[in-house]
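Peer 1: I am sharing coords_0.cif, which consists of mmCIF, C-alpha atoms:
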```cif
data_target
#
loop_
_atom_site.label_atom_id
_atom_site.label_comp_id
_atom_site.auth_asym_id
_atom_site.auth_seq_id
_atom_site.Cartn_x
_atom_site.Cartn_y
_atom_site.Cartn_z
CA MET A 69 0.55 18.67 32.09
CA ALA A 70 2.08 22.06 32.64
CA ASP A 71 0.30 25.20 33.78
CA THR A 72 0.06 27.56 30.80
CA SER A 73 -1.29 30.61 32.61
CA ASP A 74 1.85 32.78 32.61
CA SER A 75 2.18 35.78 30.33
CA ARG A 76 5.89 35.90 29.51
CA THR A 77 7.42 36.24 26.06
CA ILE A 78 9.03 33.24 24.37
CA ALA A 79 11.44 33.49 21.44
CA PHE A 80 11.58 30.44 19.15
CA LEU A 81 14.27 29.67 16.56
CA GLY A 82 13.75 26.51 14.51
CA ALA A 83 9.96 26.17 14.58
CA THR A 84 9.61 24.52 11.14
CA GLY A 85 11.96 21.58 11.77
CA LYS A 86 10.57 18.26 12.97
CA THR A 87 11.32 18.94 16.64
CA GLY A 88 10.24 22.56 16.31
CA ARG A 89 6.88 21.61 14.84
CA ALA A 90 6.21 19.21 17.69
CA ILE A 91 6.94 21.98 20.21
CA LEU A 92 4.93 24.60 18.34
CA ARG A 93 1.87 22.34 18.28
CA TRP A 94 1.91 22.52 22.07
CA LEU A 95 2.59 26.26 22.19
CA LEU A 96 -0.37 26.90 19.88
CA ALA A 97 -2.64 24.28 21.46
CA LYS A 98 -4.84 26.89 23.13
CA GLU A 99 -7.29 29.02 21.16
CA ALA A 100 -4.74 31.80 21.53
CA PRO A 101 -1.39 31.56 23.35
CA PRO A 102 -1.48 33.25 26.80
CA PHE A 103 2.12 34.39 26.26
CA GLY A 104 3.96 36.42 23.67
CA LEU A 105 5.60 34.21 21.04
CA ASN A 106 8.29 35.60 18.70
CA ILE A 107 9.12 33.05 15.99
CA TYR A 108 12.19 33.30 13.76
CA VAL A 109 11.94 31.38 10.46
CA ARG A 110 13.79 31.29 7.17
CA SER A 111 10.45 30.95 5.38
CA ARG A 112 7.27 32.58 6.69
CA SER A 113 5.21 30.81 4.03
CA LYS A 114 6.47 27.40 5.16
CA LEU A 115 5.53 28.17 8.75
CA LEU A 116 2.03 29.32 7.77
CA ASP A 117 1.53 26.28 5.55
CA LEU A 118 2.18 24.17 8.64
CA PHE A 119 0.41 26.43 11.17
CA PRO A 120 -1.99 28.80 9.37
CA GLU A 121 -3.57 29.77 12.69
CA ALA A 122 -0.33 31.45 13.78
CA ALA A 123 -1.11 34.46 11.56
CA SER A 124 -4.34 35.18 13.43
CA TYR A 125 -2.94 35.42 16.97
CA SER A 126 -2.17 38.94 18.13
CA ARG A 127 0.61 37.81 20.48
CA VAL A 128 2.42 35.74 17.85
CA LYS A 129 5.09 37.65 15.91
CA ILE A 130 6.76 35.99 12.91
CA LEU A 131 10.18 37.22 11.77
CA GLU A 132 11.61 35.99 8.47
CA GLY A 133 15.22 36.25 7.38
CA PHE A 134 18.72 34.94 7.79
CA VAL A 135 19.97 33.74 11.14
CA SER A 136 23.09 35.87 10.62
CA ASP A 137 20.95 39.04 10.67
CA THR A 138 21.61 40.31 14.19
CA GLU A 139 18.98 43.06 13.98
CA MET A 140 16.27 40.57 13.06
CA ILE A 141 17.37 38.20 15.83
CA ARG A 142 17.41 41.15 18.26
CA GLN A 143 13.76 41.83 17.41
CA CYS A 144 12.97 38.15 17.97
CA LEU A 145 14.67 38.10 21.39
CA SER A 146 13.43 41.49 22.57
CA GLY A 147 11.52 41.09 25.83
CA ALA A 148 11.91 37.30 25.87
CA GLN A 149 12.43 35.49 29.14
CA THR A 150 12.74 32.11 27.40
CA ILE A 151 14.55 31.26 24.16
CA ILE A 152 14.00 27.94 22.39
CA CYS A 153 16.57 26.91 19.79
CA THR A 154 16.01 23.73 17.78
CA LEU A 155 18.09 24.77 14.77
CA GLY A 156 20.54 22.30 13.28
CA GLU A 157 21.35 20.02 10.38
CA ASN A 158 20.73 16.26 10.22
CA GLU A 159 22.93 15.49 7.23
CA ASN A 160 26.69 15.03 7.67
CA LYS A 161 27.65 17.79 5.23
CA ALA A 162 30.97 19.58 5.56
CA GLY A 163 30.94 23.28 6.38
CA ILE A 164 27.71 23.26 8.40
CA ARG A 165 27.60 26.22 10.76
CA ILE A 166 23.93 27.14 11.20
CA LEU A 167 24.15 26.74 14.97
CA GLN A 168 27.40 28.66 15.22
CA ASP A 169 25.92 31.49 13.16
CA ALA A 170 22.80 31.43 15.33
CA ALA A 171 24.91 31.50 18.51
CA HIS A 172 26.88 34.54 17.35
CA SER A 173 23.68 36.38 16.36
CA ILE A 174 21.88 35.48 19.59
CA LEU A 175 24.79 36.55 21.78
CA ASP A 176 25.39 39.76 19.83
CA ALA A 177 21.68 40.59 20.03
CA LEU A 178 21.52 39.87 23.75
CA GLY A 179 24.58 42.06 24.30
CA GLU A 180 22.83 44.92 22.55
CA LEU A 181 19.62 44.37 24.51
CA LYS A 182 21.54 44.23 27.80
CA ASN A 183 23.37 47.45 27.01
CA SER A 184 20.15 49.21 26.06
CA GLY A 185 19.23 49.44 29.74
CA SER A 186 15.51 49.02 29.07
CA GLY A 187 14.64 46.59 31.88
CA TRP A 188 16.66 43.75 30.39
CA ARG A 189 16.71 40.44 32.26
CA LYS A 190 18.93 37.46 31.52
CA PRO A 191 16.86 34.89 29.58
CA ARG A 192 16.85 31.10 29.78
CA LEU A 193 17.96 29.25 26.63
CA ILE A 194 16.55 25.78 25.98
CA LEU A 195 18.91 24.34 23.38
CA LEU A 196 18.34 21.12 21.44
CA SER A 197 21.58 19.17 21.86
CA SER A 198 22.40 15.44 21.69
CA SER A 199 22.95 12.58 24.13
CA THR A 200 26.25 12.01 22.30
CA TYR A 201 27.56 15.13 24.07
CA ASN A 202 26.55 13.98 27.54
CA ALA A 203 29.37 11.94 29.04
CA ARG A 204 27.07 10.02 31.39
CA PHE A 205 24.64 9.07 28.63
CA ALA A 206 27.37 8.22 26.12
CA ALA A 207 29.18 5.98 28.62
CA ALA A 208 26.28 3.53 28.44
CA ARG A 209 26.92 2.91 24.73
CA PRO A 210 29.34 0.32 23.39
CA PRO A 211 32.53 2.28 22.55
CA LEU A 212 32.49 1.22 18.87
CA ILE A 213 28.88 2.37 18.41
CA HIS A 214 29.66 5.67 20.08
CA TRP A 215 32.66 6.21 17.79
CA LEU A 216 30.62 5.33 14.69
CA ILE A 217 27.85 7.76 15.65
CA LYS A 218 30.28 10.61 16.32
CA THR A 219 32.10 9.92 13.05
CA ALA A 220 28.96 9.53 10.94
CA PHE A 221 27.65 12.90 12.18
CA SER A 222 30.96 14.64 12.72
CA HIS A 223 30.06 17.82 10.81
CA PRO A 224 26.72 18.66 12.50
CA TYR A 225 28.21 17.58 15.85
CA ALA A 226 31.13 19.96 15.34
CA ASP A 227 28.65 22.78 14.67
CA LEU A 228 26.67 21.84 17.78
CA ALA A 229 29.77 21.60 19.98
CA ALA A 230 31.04 25.01 18.87
CA ALA A 231 27.65 26.64 19.46
CA GLN A 232 27.27 25.01 22.88
CA SER A 233 30.67 26.31 23.93
CA LEU A 234 29.76 29.83 22.87
CA PHE A 235 26.53 29.73 24.86
CA LEU A 236 28.01 28.11 27.96
CA GLU A 237 30.84 30.66 28.03
CA SER A 238 28.32 33.53 27.99
CA SER A 239 26.71 33.11 31.40
CA SER A 240 26.40 36.88 31.81
CA LEU A 241 23.95 36.97 28.90
CA LEU A 242 21.87 33.81 29.36
CA SER A 243 21.48 30.58 31.29
CA VAL A 244 21.40 27.32 29.36
CA LEU A 245 19.45 24.08 29.56
CA LEU A 246 20.79 21.45 27.15
CA VAL A 247 18.14 18.99 25.97
CA GLN A 248 20.06 15.86 24.97
CA PRO A 249 17.91 13.18 23.31
CA PRO A 250 19.04 9.89 21.76
CA LEU A 251 17.91 8.73 18.28
CA LEU A 252 15.09 10.97 17.02
CA ILE A 253 12.42 8.89 15.33
CA GLU A 254 9.13 9.55 13.53
CA GLU A 255 6.53 7.46 15.32
CA ASP A 256 3.51 7.94 17.55
CA ALA A 257 3.96 9.36 21.01
CA SER A 258 4.24 6.78 23.79
CA GLY A 259 4.88 9.16 26.66
CA TYR A 260 8.17 10.78 27.58
CA GLU A 261 10.76 10.45 30.31
CA ILE A 262 13.04 13.32 31.35
CA SER A 263 16.19 12.27 33.18
CA THR A 264 19.60 13.57 34.23
CA ASP A 265 20.93 10.00 34.62
CA SER A 266 20.19 8.03 31.45
CA VAL A 267 18.40 7.85 28.12
CA ARG A 268 16.83 5.00 26.20
CA LEU A 269 17.68 4.22 22.58
CA ALA A 270 15.14 6.55 20.98
CA VAL A 271 12.60 9.31 21.38
CA SER A 272 9.80 10.26 19.02
CA TYR A 273 9.55 13.85 17.83
CA GLU A 274 6.10 14.05 19.43
CA ASP A 275 7.38 12.92 22.82
CA LEU A 276 10.38 15.26 22.59
CA GLY A 277 8.12 18.20 21.72
CA ALA A 278 5.85 17.49 24.68
CA ALA A 279 8.83 17.18 27.02
CA ILE A 280 10.38 20.46 25.89
CA PHE A 281 7.01 22.16 26.30
CA GLU A 282 7.01 21.00 29.92
CA MET A 283 10.52 22.41 30.37
CA ILE A 284 9.38 25.74 28.94
CA MET A 285 6.37 26.03 31.18
CA GLU A 286 7.53 24.49 34.47
CA ARG A 287 9.89 26.44 36.75
CA GLY A 288 11.27 23.22 38.24
CA TYR A 289 13.74 22.94 35.36
CA ASP A 290 15.26 26.38 35.92
CA ASN A 291 18.24 25.09 37.90
CA LEU A 292 19.15 22.17 35.64
CA ASN A 293 21.96 22.35 33.09
CA ALA A 294 21.29 19.23 30.98
CA VAL A 295 18.57 16.61 30.67
CA GLY A 296 17.89 13.62 28.46
CA VAL A 297 14.50 12.87 26.94
CA SER A 298 13.37 9.39 25.88
CA SER A 299 10.13 7.80 24.79
CA ARG A 300 8.79 5.33 27.33
CA LYS A 301 8.75 2.72 24.57
CA GLY A 302 12.13 3.90 23.27
CA ASP A 303 14.04 0.70 24.06
CA GLY A 304 14.68 -2.38 21.97
CA PHE A 305 17.75 -2.78 19.79
CA GLY A 306 15.81 -5.08 17.49
CA ARG A 307 13.39 -2.25 16.88
CA TYR A 308 15.79 0.69 16.53
CA GLY A 309 19.11 -0.96 15.67
CA PRO A 310 18.48 -1.15 11.89
CA GLU A 311 17.58 2.56 11.79
CA ILE A 312 20.67 3.47 13.84
CA PHE A 313 22.95 1.60 11.44
CA ARG A 314 21.13 2.97 8.38
CA ARG A 315 21.79 6.51 9.59
CA ILE A 316 25.40 5.72 10.47
CA PHE A 317 25.97 4.28 6.99
CA ARG A 318 24.33 7.25 5.28
CA GLY A 319 26.26 9.72 7.45
CA LEU A 320 29.56 8.08 6.54
CA LEU A 321 28.68 8.18 2.82
CA VAL A 322 27.51 11.81 2.88
CA GLY A 323 30.47 12.98 4.91
CA TYR A 324 33.30 11.02 3.38
CA VAL A 325 32.40 9.87 -0.17
CA PRO A 326 33.05 12.75 -2.63
CA GLY A 327 29.96 13.67 -4.61
CA PHE A 328 27.58 11.35 -2.74
CA TRP A 329 25.43 14.21 -1.44
CA VAL A 330 24.92 15.64 -4.94
CA ILE A 331 24.09 12.19 -6.39
CA GLN A 332 21.64 11.54 -3.54
CA GLN A 333 19.89 14.85 -4.16
CA VAL A 334 19.43 13.98 -7.84
CA PHE A 335 17.98 10.56 -7.00
CA ASP A 336 15.67 12.08 -4.39
CA ARG A 337 14.33 14.53 -6.97
CA ILE A 338 13.83 11.79 -9.60
CA PHE A 339 11.97 9.44 -7.29
CA SER A 340 9.87 12.20 -5.76
CA GLY A 341 8.78 13.37 -9.20
CA GLY A 342 10.82 16.55 -9.05
CA VAL A 343 12.52 15.97 -12.43
#
```
Produce structure tokens that represent the structure in this file.

Peer 2:
Amino acid sequence: MADTSDSRTIAFLGATGKTGRAILRWLLAKEAPPFGLNIYVRSRSKLLDLFPEAASYSRVKILEGFVSDTEMIRQCLSGAQTIICTLGENENKAGIRILQDAAHSILDALGELKNSGSGWRKPRLILLSSSTYNARFAAARPPLIHWLIKTAFSHPYADLAAAQSLFLESSSLLSVLLVQPPLLIEEDASGYEISTDSVRLAVSYEDLGAAIFEMIMERGYDNLNAVGVSSRKGDGFGRYGPEIFRRIFRGLLVGYVPGFWVIQQVFDRIFSGGV
């Protein structure tokens, strides 16, 4: 695995999501991280419920607030050579713009840091993207399946596409590595594959987290613009096809059936004992 002996500062936005947690487990795997780690979260208590040890490390700084707060994001990015962003929304809800808001705050904050003249260096952004937005990866899908996936997740994809454009157009402020996985699935790690040529059908969160950790720590990825990550056992339409179609169906309902999202939330609360 990667050499973790360097002492840089890493800024992390999205550490409490499923992908973020898998990455943070690697970043906190040592008794104490050998690098500075600035973590932005919307809820400090949620982060510490998941990773109570984070509060005890002197080089871990936790910043809580809204992603639209440029001053808070500036503090998170200050001194960082690497930025990890795994923010995003999985549900196909209209009006999603968490990634766009994050992009504006990150770029505004980096502009301020650059203009401060205090030894600023252009950082590397590792951005969680999607294989749907990699033309080479998407070309391997049946056209109908590709259209269904893009339609069923049109709102979060629109947010992602807008944010990506903002980042890629700002090469004076940061360089970008797009991490573009296929179906994200909750299952045990089976080992990961990183490729610029193809992806399998699925990747587990644990394998994706381990792969992104390698990208963070290894300098060999510095000159790449986009990579796919798959689980080594991530093939098999019989295994993953039902889950793909379940998510497509749900995405179409959430995005295009008026009131479905509200009804679903009520049912989720009832069956989870929340009412």

Peer 1: Applying 7 Å and all atoms listed in the file, which residues near region 318-323 of chain A remain after dropping the ones on its own chain fewer than 2 positions away? List them as an MDAnalysis selection string.

Peer 2: chainID A and resid 159:162 220:221 314:316 325 328:329

Peer 1: Which residues of region 100-156 of chain A come within 10 Å of region 244-268 of chain A, and what is each one's closest atom pair and distance in Å (one decimal), counting only C-alpha atoms, sorted by chain and residue number, as CSV?

Peer 2:
```
residue,atom,partner,partner_atom,distance
A:Ile151,CA,A:Val244,CA,9.5
A:Ile152,CA,A:Leu245,CA,9.8
A:Thr154,CA,A:Val247,CA,9.7
```

Peer 1: Using the chain letters and numbers from the file, give me the residues hit by the PyMOL selection byres ((chain A and resi 107) around 6), as a list in words.

Peer 2: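 On the file shown, the PyMOL selection byres ((chain A and resi 107) around 6) covers Ala79, Phe80, Asn106, Tyr108 and Ile130 of chain A.
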
Peer 1: Give me, please, the distance in Å between CA of Leu92 (chain A) and CA of Leu228 (chain A), quoted to one decimal.

Peer 2: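 If I compute the distance from CA of Leu92 (chain A) to CA of Leu228 (chain A), I get 21.9 Å.
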
Peer 1: Would you mind telling me which residue in A:Phe103, A:Phe134, A:Tyr125, A:Phe317 lies nearest to Asp169 (chain A) when using all atoms listed in the file?

Peer 2: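 Of A:Phe103, A:Phe134, A:Tyr125, A:Phe317, the one nearest Asp169 (chain A) is A:Phe134, counting all atoms listed in the file.
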
Peer 1: Mind pulling up the distance from CA of Ala90 (chain A) to CA of Ala278 (chain A)?

Peer 2: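 So the answer is 7.2 Å.
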
Peer 1: What gap, in Å, lies between CA of Gln143 (chain A) and CA of Glu282 (chain A)?

Peer 2: 25.2 Å

Peer 1: For the structure provided, state which residues fall under the PyMOL selection byres ((chain A and resi 135-138) around 10), and present them as a VMD selection string.

Peer 2: chain A and resid 81 108 to 110 132 to 134 139 to 144 155 166 to 178 180
